[in-house]
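All remarks here apply to the structure that follows.
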Amino acid sequence: MKAGVIVFPGSNCDADCMWALQDILGVNTEYIWHENKNIKKYDLIVIPGGFSYGDYLRCGAIARFAKVMESIQEFSSKKNKFILGICNGFQILLEAGLLPGAMLMNKTLKFICRYVNIVTENNMTPFTGKMKKGQVLRIPIAHNEGNYYCDETTLNNLIKNDCVVFRYSDENGSVNDNTNPNGALYNIAGIINKDGNILGMMPHPERAMIKELGSTDGRLIFESVIKYIKNN
Amino acid sequence: MAHAKIIVTLKDGVLDPQGKTVKFALEKMGYKNIEDVRIGKYIEIEIKNNNREKLEKEIDEICDKLLANPNIEKYKFSIE
Amino acid sequence: MAHAKIIVTLKDGVLDPQGKTVKFALEKMGYKNIEDVRIGKYIEIEIKNNNREKLEKEIDEICDKLLANPNIEKYKFSIE
Amino acid sequence: MTGYNIKITDEIIKEHNLKKDEYELILKILNRTPTIVELGIFSAMWSEHCSYKHSKPVLKKLPTKGKYILQGPGENAGIIHATKNLGIAFKIESHNHPSAVEPFQGAATGVGGILRDVFTMGARPIAVLDSLRFGNPESKNTQRLLPSVVKGIAFYGNCVGIPTVGGETVFEDCYETNCLVNVMTIGTVEKKKIKKGIAKGIGNPVIYIGAATGRDGIHGASFASAELTAENQERRSSVQVADPFMEKLLLEATLELNDKGLIVGIQDMGAAGLTSSSVEMANRGKVGIELNIDKVPKRETGMNAYEVMLSESQERMLMITEKGKEKKVEKVLKKWGLHAVTIGKVIKKPYIIVKEKGKVVAEIPVAPLADSNHKFFPLKRQKGIKPKYLENINIDYNLIPIPNNIEDILIKLIGSPNIACKSEIWQQYDHMVRTNTWTLPGSDSAVIKIKGENLLIATSVDGNGRYTYLDPYRGGAIAVAEAARNVSVSGATPVALTNCLNFGNPEDPEIFYQFEKAIEGMADAAKILKTPVTGGNVSFYNEGKDGAIYPTPIVGMVGFIKGTRYVKQYFKDSEDVILLLGQTKDELGASEYLKEIHGLIKGPVPEIDLKLESQIQKTIRNGIKAGIIKSAHDISKGGLAVALAECCITAKLHGEKNIGAFIEIQSDIRIDSLLFGETQSRIIITTSKKDLNTMKKIAAQNKVVLTEIGKTGGDRLIINIDWAAKKCSQKINIKITDLENIWMNGVNKYV
Ligand SMILES: Nc1ncnc2c1ncn2[C@@H]1O[C@H](COP(=O)(O)OP(=O)(O)O)[C@@H](O)[C@H]1O
Ligand SMILES: [Mg+2]
């Protein structure tokens with residue numbers, strides 16, 4: 001399999017995603033420059049975190065017009081092609097309409113960088129196959145605008161279609177206002193599209209790859225999708 | 001040369017964490033009569049264009065595509 | 001009930017990284033006729049007050065103290 | 001030569017912060033009246049900020065040589081040998097005055113400036129640390145400054161994607177109107193790719209990259225060298241606004257230019273912008289530079305040469321490439337959405353020549369502008385006078401009653417501003433990006449992995465203004481010792497330091513005394529601890545409405561760990577042995593205890609025996625290397641009791657379980673000295689029982705005292721004191737969750 005990590009001007013978790021995939025998990029991975037439209041050869045594309053275009057105007061608003069995003073639409077409609085948007089990557093997916101909803105500023109109005117717990121709501125996706133339903137992962141967040149918002153109909157659809165994959169929880173998996181770091185609707189930390197091949201999440205799995213960094217739970221997400229790709 | 005003045009605001013019903021915090025701050029400062037605060041963006045574009053109608057269309061497009069996120073925001077503009 | 005509509009913009013000469021980046025983005029999207037983009041804030045305050053004069057003073061004070069950063073920003077407002 | 005028909009009057013000379021004798025030097029150098037542009041250039045280059053005219057003679061006392069030093073002071077950042085191929089570049093800088101005026105932008109641009117100092121060397125920044133000083137956290141001014149400074153640092157560092165991995169935050173009334181914002185950056189560089197700020201190769205083009213020039217911060221350098229009074233707050237020109245996205249592009253473009261071998265010399269346009277970057281590069285290369293103002297990208301209309309030369313617009317770099325390679329440079333920049341503009345060339349005549357609309361508006365020999373050894377350079381040779389206040393500065397112990405409520409005191413101290421948790425600050429900083437932060441903020445030093453190398457680095461910034469105020473020499477020495485100690489307790493060997501010297505007005509002989517003595521203390525400590533100085537920054541004129549700040553030298557220390565043996569400050573497991581390395585003396589002076597409990601700012605500052613310090617640090621490193629130490633925390637603010645409490649309650653922020661402790665100590669010194677005194681060179685460590693004897697041996701080999709004082713476990717901190725002299729005992733017995741709550745809320749609520 002082959003993975004790609006998109007680099008926008010202002011991406012800054014690109015090297016971390018490369019490290020996670022290539023150095024830690026041994027996946028053949030390349031950087032994809034934002035002007036590159038030729039992305040057919042990849043099986044998995046990661047849109048990394050950071051501040052594409054400084055996050056000026058709105059997070060992800062400008063990046064979605066990059067050339068590479070024109071091919072992303074088509075890419076995502078192909079069978080067995082997967083997209084993982086992390087943090088700014090998630091915001092870009094929302095702006096591009098590949099996932100529903102939008103991000104508001106954290107309810108604290110502050111950037112928050114710390115470990116959080118997220119509970120796996122749906123373990124039947126290609127990205128969560130190695131987890132159990134209800135399994136709690138410890139993965140850090142680092143964002144200013146991670147307060148997920150969508151209208152009621154959209155939320156109901158997300159829930160009905162099992163598209164809410166991760167929710168902010170405590171270490172036992174219980175979800176409430178106290179376990180919500182940023183005010184996200186329904187404690188949403190990550191959602192997937194109906195086809196199950198585009199996952200957007202605010203927490204950074206690439207930062208939870210070795211025990212020295214505090215957790216190895218991030219591996220499960222990468223390993224799940226890698227395994228899925230290899231088996232299909 | 002034309003000037004477009006654009007106001008982008010959150011749609012009604014969308015929570016405005018910034019507005020809420022400003023309201024709270026104002027109350028703490030002693031302004032007890034504040035009912036609501038909403039925060040949006042104000043954008044000024046200087047643009048070369050002679051055809052007024054085309055210009056309106058263009059600004060509308062720019063707002064729709066880039067300046068506002070239709071999921072959460074609405075906009076209005078005037079051109080001078 | 002009164003509505004104050006406040007526009008906060010950067011003072012002339014102050015760098016506007018956001019505006020600059022949006023201009024760059026618009027050019028890349030094919031809008032070649034954009035001369036300048038400046039981004040500011042738009043704030044709406046709903047406030048209880050009957051005395052118009054007092055209200056003006058109050059809003060002015062709020063802008064000066066909280067909403068605008070006098071080091072780099074200026075503001076104007078209207079009340080409805 | 002045009003002068004915009006501006007006559008150089010006494011008034012104008014004064015406005016440029018030039019003294020009369022300095023103006024006379026200008027006349028001697030030029031042999032004529034300067035133009036206004038020239039006057040501006042002299043004013044900027046000879047400002048304290050650029051010239052170090054007051055500090056240079058004193059700074060010579062600092063040791064700068066050692067086996068690790070690859071690049072000492074004089075460049076934009078120092079560099080040390082890390083591995084065969086890799087160097088570590090690092091530097092600290094202040095942005096105090098801009099932050100006091102406009103906290104968000106001031107702090108943000110401070111981060112930007114120090115990042116550029118590091119990547120200008122060809123290094124990729126890998127970590128940022130911040131050292132902050134504010135007034136009382138409850139004061140209105142602190143509430144205005146603190147949250148915005150933190151947001152500004154976060155805004156910039158997070159966006160560029162460099163983790164802010166550590167720092168310190170201290171509150172003292174003297175910083176009320178003159179806060180301190182010092183920021184340090186560390187970067188890695190392949191030794192063969194190191195670049196310098198030097199102009200070389202006659203005829204080579206001088207290229208401008210980055211943001212266009214506006215009227216921001218004109219006179220910034222001379223402004224930073226003037227005291228902050230209400231009056232001159234008005235004088236400031238428009239504030240510099242930070243553009244971290246531009247910085248990120250500039251960073252990537254610069255490193256790519258370097259990888260492609262397109263850089264002959266490069267320097268960021270920091271204080272005094274285009275003036276200092278061109279003059280300093282020319283001076284290092286013993287050449288001249290000719291600049292064409294018309295070519296400089298400008299953001300505002302009608303800007304003249306004077307404004308362009310003195311603007312301090314951010315996110316700009318000046319570089320020299322080889323003639324003929326301009327197109328290649330342009331291509332790299334274009335990829336990043338930037339432009340390269342040739343604005344001048346390197347010339348043989350060692351002059352800075354500025355042309356505007358075909359006319360020469362400035363022509364000045366470079367050496368007297370930038371070379372402090374030049375006979376016309378306005379170096380100040382001063383002597384300090386011992387300040388009056390130091391004559392009567394020590395406490396009379398007899399006036400301080402021996403307390404009998406030690407538990408209340410501990411609770412008060414653990415929640416006091418200088419000791420309470422700062423997580424609400426550092427959690428606004430992305431401290432994890434780049435996935436190398438092995439020890440997060442909240443331990444004595446940050447430990448950072450250097451990927452691809454068998455190397456960890458540990459780093460900490462430290463300084464104690466109160467100590468330095470009460471005893472400038474010891475304060476300086478302890479700043480170095482503590483920074484080194486914080487690095488050692490992680491398992492790293494401290495190898496070099498950078499310093500940021502924040503003082504009041506140096507023209508005041510009493511302030512100058514503080515400066516001289518503090519440097520002497522730092523110099524002695526740096527020599528004995530073998531941590532030479534690779535560079536730094538001097539920030540004078542830190543005076544608010546109530547006079548000068550405490551003299552506040554800040555030390556940024558970098559240390560190495562070969563391999564992967566490192567520890568954190570909090571207790572790891574239950575049933576471990578708790579040991580005290582070093583010995584407590586009867587020292588109460590200068591402590592947080594005196595300030596918080598008795599409202600006293602009094603000496604004497606704790607003694608520092610640098611030889612002993614060195615032995616203690618060696619002992620802890622040897623123990624960690626041997627793999628038998630499970631946690632190590634130095635004793636600093638708040639003394640032994642506070643340090644023990646911190647060992648119990650800081651695990652949780654690192655994702656581990658907090659663990660209580662049971663301590664029993666017999667002593668005959670005052671109980672408050674014992675528990676809250678700040679005797680130096682002490683470390684709390686834990687080992688498992690089976691390793692106790694090995695640890696004792698290591699301590700004995702290094703001839704330092706090691707005392708078993710208790711064991712870990714439970715959910716309470718229990719300290720029993722058996723006070724032999726008075727035949728009585730006292731007890732602390734408190735739930736660690738209670739301690740944790742108080743500690744968590746002391747400062748975080750203000751951020
Ligand atoms: N402004 C800040 N930025 C980042 N980290 C900070 C800041 N202030 C405090 N910290 C973190 O809090 C912890 C405690 O700081 P401090 O009490 O100064 O430690 P020490 O006494 O060991 O020097 C350190 O790990 C430090 O990195
Ligand atoms: Mg310490």
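Labeling convention for the structure tokens: chains A, B, ... as they appear, residues from 1 per chain, ligands from 1 in order of appearance.
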Closest-contact table, chain A side, partner chain B, 12 Å, counting only C-alpha atoms, as JSON lines:
```
{"residue": "A:Tyr56", "atom": "CA", "partner": "B:Leu67", "partner_atom": "CA", "distance": 10.8}
{"residue": "A:Leu57", "atom": "CA", "partner": "B:Leu67", "partner_atom": "CA", "distance": 7.3}
{"residue": "A:Arg58", "atom": "CA", "partner": "B:Leu67", "partner_atom": "CA", "distance": 8.4}
{"residue": "A:Cys59", "atom": "CA", "partner": "B:Asn69", "partner_atom": "CA", "distance": 10.6}
{"residue": "A:Gly60", "atom": "CA", "partner": "B:Leu66", "partner_atom": "CA", "distance": 10.4}
{"residue": "A:Ala61", "atom": "CA", "partner": "B:Leu66", "partner_atom": "CA", "distance": 6.6}
{"residue": "A:Ile62", "atom": "CA", "partner": "B:Leu66", "partner_atom": "CA", "distance": 7.2}
{"residue": "A:Ala63", "atom": "CA", "partner": "B:Leu66", "partner_atom": "CA", "distance": 10.4}
{"residue": "A:Arg64", "atom": "CA", "partner": "B:Leu66", "partner_atom": "CA", "distance": 9.4}
{"residue": "A:Phe65", "atom": "CA", "partner": "B:Leu66", "partner_atom": "CA", "distance": 8.9}
{"residue": "A:Gln91", "atom": "CA", "partner": "B:Asn69", "partner_atom": "CA", "distance": 11.7}
{"residue": "A:Ile92", "atom": "CA", "partner": "B:Asn69", "partner_atom": "CA", "distance": 11.8}
{"residue": "A:Leu94", "atom": "CA", "partner": "B:Asn71", "partner_atom": "CA", "distance": 9.5}
{"residue": "A:Glu95", "atom": "CA", "partner": "B:Asn69", "partner_atom": "CA", "distance": 7.4}
{"residue": "A:Ala96", "atom": "CA", "partner": "B:Asn69", "partner_atom": "CA", "distance": 10.0}
{"residue": "A:Gly97", "atom": "CA", "partner": "B:Asn71", "partner_atom": "CA", "distance": 9.5}
{"residue": "A:Leu99", "atom": "CA", "partner": "B:Asn71", "partner_atom": "CA", "distance": 11.5}
{"residue": "A:Pro100", "atom": "CA", "partner": "B:Asn71", "partner_atom": "CA", "distance": 8.5}
{"residue": "A:Gly101", "atom": "CA", "partner": "B:Asn71", "partner_atom": "CA", "distance": 6.5}
{"residue": "A:Ala102", "atom": "CA", "partner": "B:Asn71", "partner_atom": "CA", "distance": 6.6}
{"residue": "A:Met103", "atom": "CA", "partner": "B:Ile72", "partner_atom": "CA", "distance": 8.9}
{"residue": "A:Leu104", "atom": "CA", "partner": "B:Pro17", "partner_atom": "CA", "distance": 7.9}
{"residue": "A:Met105", "atom": "CA", "partner": "B:Pro17", "partner_atom": "CA", "distance": 6.7}
{"residue": "A:Asn106", "atom": "CA", "partner": "B:Pro17", "partner_atom": "CA", "distance": 7.3}
{"residue": "A:Lys107", "atom": "CA", "partner": "B:Pro17", "partner_atom": "CA", "distance": 5.4}
{"residue": "A:Thr108", "atom": "CA", "partner": "B:Pro17", "partner_atom": "CA", "distance": 7.8}
{"residue": "A:Leu109", "atom": "CA", "partner": "B:Gln18", "partner_atom": "CA", "distance": 6.8}
{"residue": "A:Lys110", "atom": "CA", "partner": "B:Gln18", "partner_atom": "CA", "distance": 10.5}
{"residue": "A:Asn144", "atom": "CA", "partner": "B:Pro17", "partner_atom": "CA", "distance": 11.9}
{"residue": "A:Glu145", "atom": "CA", "partner": "B:Pro17", "partner_atom": "CA", "distance": 10.7}
{"residue": "A:Gly146", "atom": "CA", "partner": "B:Pro17", "partner_atom": "CA", "distance": 12.0}
{"residue": "A:Asn147", "atom": "CA", "partner": "B:Pro17", "partner_atom": "CA", "distance": 9.4}
{"residue": "A:Tyr148", "atom": "CA", "partner": "B:Leu15", "partner_atom": "CA", "distance": 10.7}
{"residue": "A:Tyr149", "atom": "CA", "partner": "B:Val14", "partner_atom": "CA", "distance": 8.0}
{"residue": "A:Cys150", "atom": "CA", "partner": "B:Asn71", "partner_atom": "CA", "distance": 7.4}
{"residue": "A:Asp151", "atom": "CA", "partner": "B:Asn71", "partner_atom": "CA", "distance": 8.3}
{"residue": "A:Glu152", "atom": "CA", "partner": "B:Gly13", "partner_atom": "CA", "distance": 10.7}
{"residue": "A:Thr154", "atom": "CA", "partner": "B:Asn71", "partner_atom": "CA", "distance": 10.6}
{"residue": "A:Asn182", "atom": "CA", "partner": "B:Pro17", "partner_atom": "CA", "distance": 10.2}
{"residue": "A:Gly183", "atom": "CA", "partner": "B:Pro17", "partner_atom": "CA", "distance": 9.0}
{"residue": "A:Ala184", "atom": "CA", "partner": "B:Leu15", "partner_atom": "CA", "distance": 10.7}
{"residue": "A:Leu185", "atom": "CA", "partner": "B:Leu15", "partner_atom": "CA", "distance": 10.2}
```
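Considering only C-alpha atoms and all ligand atoms, the residues that reside within 8 Å of ligand 2 can be listed as Ser443, Asp444, Ser445, Glu482, Ala483, Arg485, Asn486, His633, Asp634, Ile635 and Ser636 of chain D.
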Selected residues, N, CA, C and O atoms, written as a short mmCIF file (atom, residue, chain, number, x, y, z; two decimals), in the first residue's frame, please.
```cif
data_model
loop_
_atom_site.label_atom_id
_atom_site.label_comp_id
_atom_site.auth_asym_id
_atom_site.auth_seq_id
_atom_site.Cartn_x
_atom_site.Cartn_y
_atom_site.Cartn_z
N SER D 443 7.53 19.54 34.52
CA SER D 443 8.59 18.85 35.23
C SER D 443 9.77 19.82 35.24
O SER D 443 9.69 20.91 34.68
N ASP D 444 10.89 19.47 35.85
CA ASP D 444 11.96 20.46 36.00
C ASP D 444 12.52 20.95 34.68
O ASP D 444 12.88 22.10 34.54
N SER D 445 12.66 20.04 33.73
CA SER D 445 13.07 20.51 32.41
C SER D 445 12.32 19.72 31.36
O SER D 445 11.80 18.64 31.62
N GLU D 482 20.69 26.89 39.04
CA GLU D 482 19.35 26.29 39.04
C GLU D 482 18.98 25.77 37.66
O GLU D 482 18.40 24.69 37.53
N ALA D 483 19.32 26.54 36.64
CA ALA D 483 19.01 26.08 35.29
C ALA D 483 19.75 24.76 35.00
O ALA D 483 19.17 23.82 34.47
N ARG D 485 20.78 22.66 37.24
CA ARG D 485 20.23 21.63 38.12
C ARG D 485 18.94 21.07 37.53
O ARG D 485 18.71 19.86 37.54
N ASN D 486 18.10 21.96 37.01
CA ASN D 486 16.85 21.50 36.40
C ASN D 486 17.12 20.56 35.23
O ASN D 486 16.36 19.63 34.97
N HIS D 633 13.68 15.64 41.64
CA HIS D 633 13.13 16.99 41.61
C HIS D 633 14.00 17.88 42.48
O HIS D 633 14.26 17.54 43.63
N ASP D 634 14.48 18.98 41.90
CA ASP D 634 15.31 19.85 42.72
C ASP D 634 14.43 20.68 43.65
O ASP D 634 13.25 20.91 43.37
N ILE D 635 15.03 21.11 44.74
CA ILE D 635 14.29 21.93 45.69
C ILE D 635 14.55 23.38 45.36
O ILE D 635 15.69 23.83 45.37
N SER D 636 13.49 24.10 45.01
CA SER D 636 13.69 25.52 44.72
C SER D 636 12.65 26.33 45.46
O SER D 636 12.57 26.23 46.69
#
```
Just list the residues in chain B DSSP gives strand (DSSP E) on the backbone, as a PyMOL selection string.
chain B and resi 2-10+34-47+73-79
Selection above as a file: C-alpha atoms, as an mmCIF file, in the first residue's frame:
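Output (result-v1.cif):
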```cif
data_model
loop_
_atom_site.group_PDB
_atom_site.id
_atom_site.type_symbol
_atom_site.label_atom_id
_atom_site.label_comp_id
_atom_site.auth_asym_id
_atom_site.auth_seq_id
_atom_site.Cartn_x
_atom_site.Cartn_y
_atom_site.Cartn_z
ATOM 1 C CA ALA B 2 -15.204 49.939 -6.256
ATOM 2 C CA HIS B 3 -15.385 49.224 -2.556
ATOM 3 C CA ALA B 4 -17.311 46.246 -1.316
ATOM 4 C CA LYS B 5 -18.182 46.162 2.353
ATOM 5 C CA ILE B 6 -19.143 42.757 3.556
ATOM 6 C CA ILE B 7 -20.568 41.664 6.857
ATOM 7 C CA VAL B 8 -20.436 38.008 7.772
ATOM 8 C CA THR B 9 -22.363 36.896 10.825
ATOM 9 C CA LEU B 10 -23.251 33.627 12.451
ATOM 10 C CA ILE B 34 -26.608 44.043 27.739
ATOM 11 C CA GLU B 35 -29.067 41.535 26.312
ATOM 12 C CA ASP B 36 -26.957 39.911 23.658
ATOM 13 C CA VAL B 37 -23.640 40.181 21.853
ATOM 14 C CA ARG B 38 -22.881 38.574 18.501
ATOM 15 C CA ILE B 39 -19.546 38.742 16.786
ATOM 16 C CA GLY B 40 -18.988 38.543 13.089
ATOM 17 C CA LYS B 41 -16.529 39.649 10.478
ATOM 18 C CA TYR B 42 -16.278 42.819 8.502
ATOM 19 C CA ILE B 43 -14.434 42.619 5.214
ATOM 20 C CA GLU B 44 -13.558 45.415 2.835
ATOM 21 C CA ILE B 45 -12.579 44.598 -0.695
ATOM 22 C CA GLU B 46 -11.190 47.104 -3.111
ATOM 23 C CA ILE B 47 -11.860 45.843 -6.591
ATOM 24 C CA GLU B 73 -22.715 31.931 8.534
ATOM 25 C CA LYS B 74 -24.733 34.405 6.500
ATOM 26 C CA TYR B 75 -23.555 37.538 4.803
ATOM 27 C CA LYS B 76 -24.635 40.804 3.324
ATOM 28 C CA PHE B 77 -22.744 43.428 1.424
ATOM 29 C CA SER B 78 -22.908 46.834 -0.085
ATOM 30 C CA ILE B 79 -20.870 48.248 -2.915
#
```
Please provide as a compact mmCIF listing (two decimals) with N, CA, C and O atoms, in the first residue's frame all residues within 6 Å of Ile45 (chain A), with the sequence filter that same-chain residues fewer than 4 positions apart are discarded (counting only C-alpha atoms).
```txt
# COMPACT_ATOMS: atom_id res chain seq x y z
N ALA A 3 0.80 5.44 1.09
CA ALA A 3 0.09 6.52 1.76
C ALA A 3 0.67 7.87 1.34
O ALA A 3 1.83 7.94 0.92
N GLY A 4 -0.13 8.91 1.43
CA GLY A 4 0.34 10.26 1.12
C GLY A 4 -0.08 11.22 2.21
O GLY A 4 -1.14 11.06 2.82
N VAL A 5 0.78 12.19 2.48
CA VAL A 5 0.46 13.23 3.46
C VAL A 5 0.47 14.56 2.72
O VAL A 5 1.48 14.96 2.15
N ILE A 83 -9.37 8.55 3.30
CA ILE A 83 -8.87 9.87 3.69
C ILE A 83 -9.01 10.03 5.20
O ILE A 83 -10.07 9.76 5.77
```
Name the residues, by chain letter and number, that sit within 9 Å of ligand 1 using only C-alpha atoms and all ligand atoms, and give them as an MDAnalysis selection string.
chainID D and resid 128:133 150 164:170 418:423 425:427 429 431 439:446 460:463 482:483 485:486 569 633:637 643
Please write the residues from the selection above to a file, keeping C-alpha atoms, as a CSV table (one decimal), in the first residue's frame.
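What ended up in again_25.csv:
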```
chain,number,residue,atom,x,y,z
D,128,VAL,CA,10.5,27.3,22.3
D,129,LEU,CA,10.6,28.2,26.0
D,130,ASP,CA,9.3,31.4,27.6
D,131,SER,CA,10.2,33.2,30.7
D,132,LEU,CA,7.6,35.6,31.9
D,133,ARG,CA,7.4,38.2,34.7
D,150,VAL,CA,0.2,34.0,26.7
D,164,THR,CA,6.7,25.6,23.4
D,165,VAL,CA,8.0,23.0,25.8
D,166,GLY,CA,8.8,24.9,28.9
D,167,GLY,CA,9.2,28.2,30.6
D,168,GLU,CA,8.6,29.9,33.9
D,169,THR,CA,6.1,32.5,35.2
D,170,VAL,CA,6.9,34.7,38.1
D,418,ASN,CA,5.1,31.7,42.1
D,419,ILE,CA,4.5,28.1,43.1
D,420,ALA,CA,1.0,27.3,41.9
D,421,CYS,CA,0.6,25.3,38.7
D,422,LYS,CA,0.9,27.1,35.4
D,423,SER,CA,-0.9,24.5,33.2
D,425,ILE,CA,-0.5,28.8,30.4
D,426,TRP,CA,1.4,25.9,28.9
D,427,GLN,CA,-1.7,24.1,27.7
D,429,TYR,CA,0.9,26.3,23.8
D,431,HIS,CA,3.9,21.7,23.3
D,439,THR,CA,8.8,15.3,29.0
D,440,LEU,CA,6.0,17.7,28.8
D,441,PRO,CA,5.9,21.1,30.7
D,442,GLY,CA,5.4,20.6,34.4
D,443,SER,CA,8.6,18.9,35.2
D,444,ASP,CA,12.0,20.5,36.0
D,445,SER,CA,13.1,20.5,32.4
D,446,ALA,CA,11.6,19.6,29.1
D,460,SER,CA,15.1,24.8,31.1
D,461,VAL,CA,14.9,28.6,31.6
D,462,ASP,CA,15.4,30.0,35.0
D,463,GLY,CA,16.2,33.2,36.9
D,482,GLU,CA,19.4,26.3,39.0
D,483,ALA,CA,19.0,26.1,35.3
D,485,ARG,CA,20.2,21.6,38.1
D,486,ASN,CA,16.9,21.5,36.4
D,569,GLN,CA,10.0,15.0,38.8
D,633,HIS,CA,13.1,17.0,41.6
D,634,ASP,CA,15.3,19.9,42.7
D,635,ILE,CA,14.3,21.9,45.7
D,636,SER,CA,13.7,25.5,44.7
D,637,LYS,CA,10.9,28.0,45.4
D,643,ALA,CA,9.1,20.2,46.5
```
Residues of chain D that have any atom at most 10 Å from an atom of chain C: could you tabulate them with the shortest-distance atom pair and the distance in Å to one decimal, using only C-alpha atoms, ordered by chain and increasing number, as CSV?
```
residue,atom,partner,partner_atom,distance
D:Val101,CA,C:Asn71,CA,8.2
D:Glu102,CA,C:Asn71,CA,6.8
D:Gln105,CA,C:Ile72,CA,9.7
D:Ala211,CA,C:Pro17,CA,9.7
D:Ala212,CA,C:Leu15,CA,9.5
D:Thr213,CA,C:Leu15,CA,9.6
D:Gly214,CA,C:Gly13,CA,7.0
D:Arg215,CA,C:Gly13,CA,6.9
D:Asp216,CA,C:Val14,CA,7.3
D:Arg236,CA,C:Asn71,CA,9.8
D:Ser237,CA,C:Asn71,CA,9.7
D:Ser238,CA,C:Val14,CA,6.9
D:Val239,CA,C:Ile72,CA,6.7
D:Gln240,CA,C:Val14,CA,7.6
D:Val241,CA,C:Leu15,CA,5.9
D:Ala242,CA,C:Pro17,CA,7.8
D:Asp243,CA,C:Pro17,CA,5.7
D:Pro244,CA,C:Pro17,CA,8.7
D:Phe245,CA,C:Pro17,CA,8.2
D:Met246,CA,C:Pro17,CA,8.2
D:Arg299,CA,C:Gly13,CA,7.9
D:Glu300,CA,C:Gly13,CA,6.5
D:Thr301,CA,C:Gly13,CA,9.3
D:Ser313,CA,C:Leu15,CA,8.7
D:Gln314,CA,C:Leu15,CA,9.6
D:Gly337,CA,C:Phe24,CA,8.9
```
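The neighbours of Phe222 (chain A) here are the residues that come within 8 Å of it, using only C-alpha atoms and leaving out any residue fewer than 2 positions away in the same chain; they are Leu21, Phe127, Pro205, Gly218, Arg219, Leu220, Ser224, Val225 and Ile226 of chain A.
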Chain A contacts to chain D at 7 Å (only C-alpha atoms) as a PyMOL selection string
chain A and resi 9-10+12-13+16+50-51+53-54+110-114+142+207+212-213
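Minimum atom-to-atom distances from C:Arg52, C:Lys57, C:Lys23, C:Lys28 to chain B were compared using only C-alpha atoms, and the lowest value belongs to C:Lys23.
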Selection near Ile685 (chain D), 6 Å with only C-alpha atoms, sequence-local residues under 3 positions removed, as a VMD selection string:
chain D and resid 578 to 579 631 to 632
Could you write out that same residue set with C-alpha atoms as a JSON list (two decimals), in the first residue's frame?
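Final output, result-v2.json:
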```json
[["chain", "number", "residue", "atom", "x", "y", "z"],
["D", 578, "ILE", "CA", 12.58, 8.95, 49.17],
["D", 579, "LEU", "CA", 16.02, 10.45, 49.55],
["D", 631, "SER", "CA", 12.24, 10.38, 39.97],
["D", 632, "ALA", "CA", 14.25, 13.49, 40.73]]
```
CA of Leu257 (chain D) sits from CA of Ala123 (chain D) at a separation of 12.1 Å
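Picture a line from CA of Met557 (chain D) to CA of Leu497 (chain D); it runs 4.5 Å.
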List every residue of chain C that DSSP, applied to the backbone of this structure, assigns to helix (DSSP H, G or I), and report them as a PyMOL selection string.
chain C and resi 17-28+52-67
Please, could you write that set of residues out with C-alpha atoms as a CSV table (one decimal), in the first residue's frame?
```
chain,number,residue,atom,x,y,z
C,17,PRO,CA,-2.0,39.4,7.6
C,18,GLN,CA,-5.5,38.0,7.2
C,19,GLY,CA,-6.5,40.4,4.5
C,20,LYS,CA,-3.3,39.8,2.7
C,21,THR,CA,-3.8,36.1,2.7
C,22,VAL,CA,-7.4,36.3,1.6
C,23,LYS,CA,-6.3,38.5,-1.3
C,24,PHE,CA,-3.7,36.0,-2.2
C,25,ALA,CA,-6.3,33.2,-2.1
C,26,LEU,CA,-8.8,35.2,-4.2
C,27,GLU,CA,-6.1,35.8,-6.8
C,28,LYS,CA,-5.4,32.1,-6.9
C,52,ARG,CA,-30.2,57.8,23.3
C,53,GLU,CA,-27.4,60.1,24.4
C,54,LYS,CA,-26.3,58.0,27.3
C,55,LEU,CA,-26.4,54.9,25.1
C,56,GLU,CA,-24.0,56.5,22.5
C,57,LYS,CA,-21.6,57.3,25.3
C,58,GLU,CA,-21.9,53.8,26.7
C,59,ILE,CA,-21.3,52.0,23.4
C,60,ASP,CA,-18.4,54.3,22.7
C,61,GLU,CA,-16.9,53.4,26.0
C,62,ILE,CA,-17.4,49.7,25.4
C,63,CYS,CA,-15.7,50.0,22.1
C,64,ASP,CA,-12.8,51.9,23.5
C,65,LYS,CA,-12.3,49.7,26.6
C,66,LEU,CA,-13.1,46.3,25.3
C,67,LEU,CA,-14.0,45.7,21.7
```
Atom pair CA of Phe90 (chain D) + CA of Gly78 (chain D), distance 5.7 Å
Which residues come within 6 Å of region 55-67 of chain D, counting only C-alpha atoms, excluding same-chain residues fewer than 2 positions away, as number ranges by chain?
D: 52-53, 69, 523, 532-533
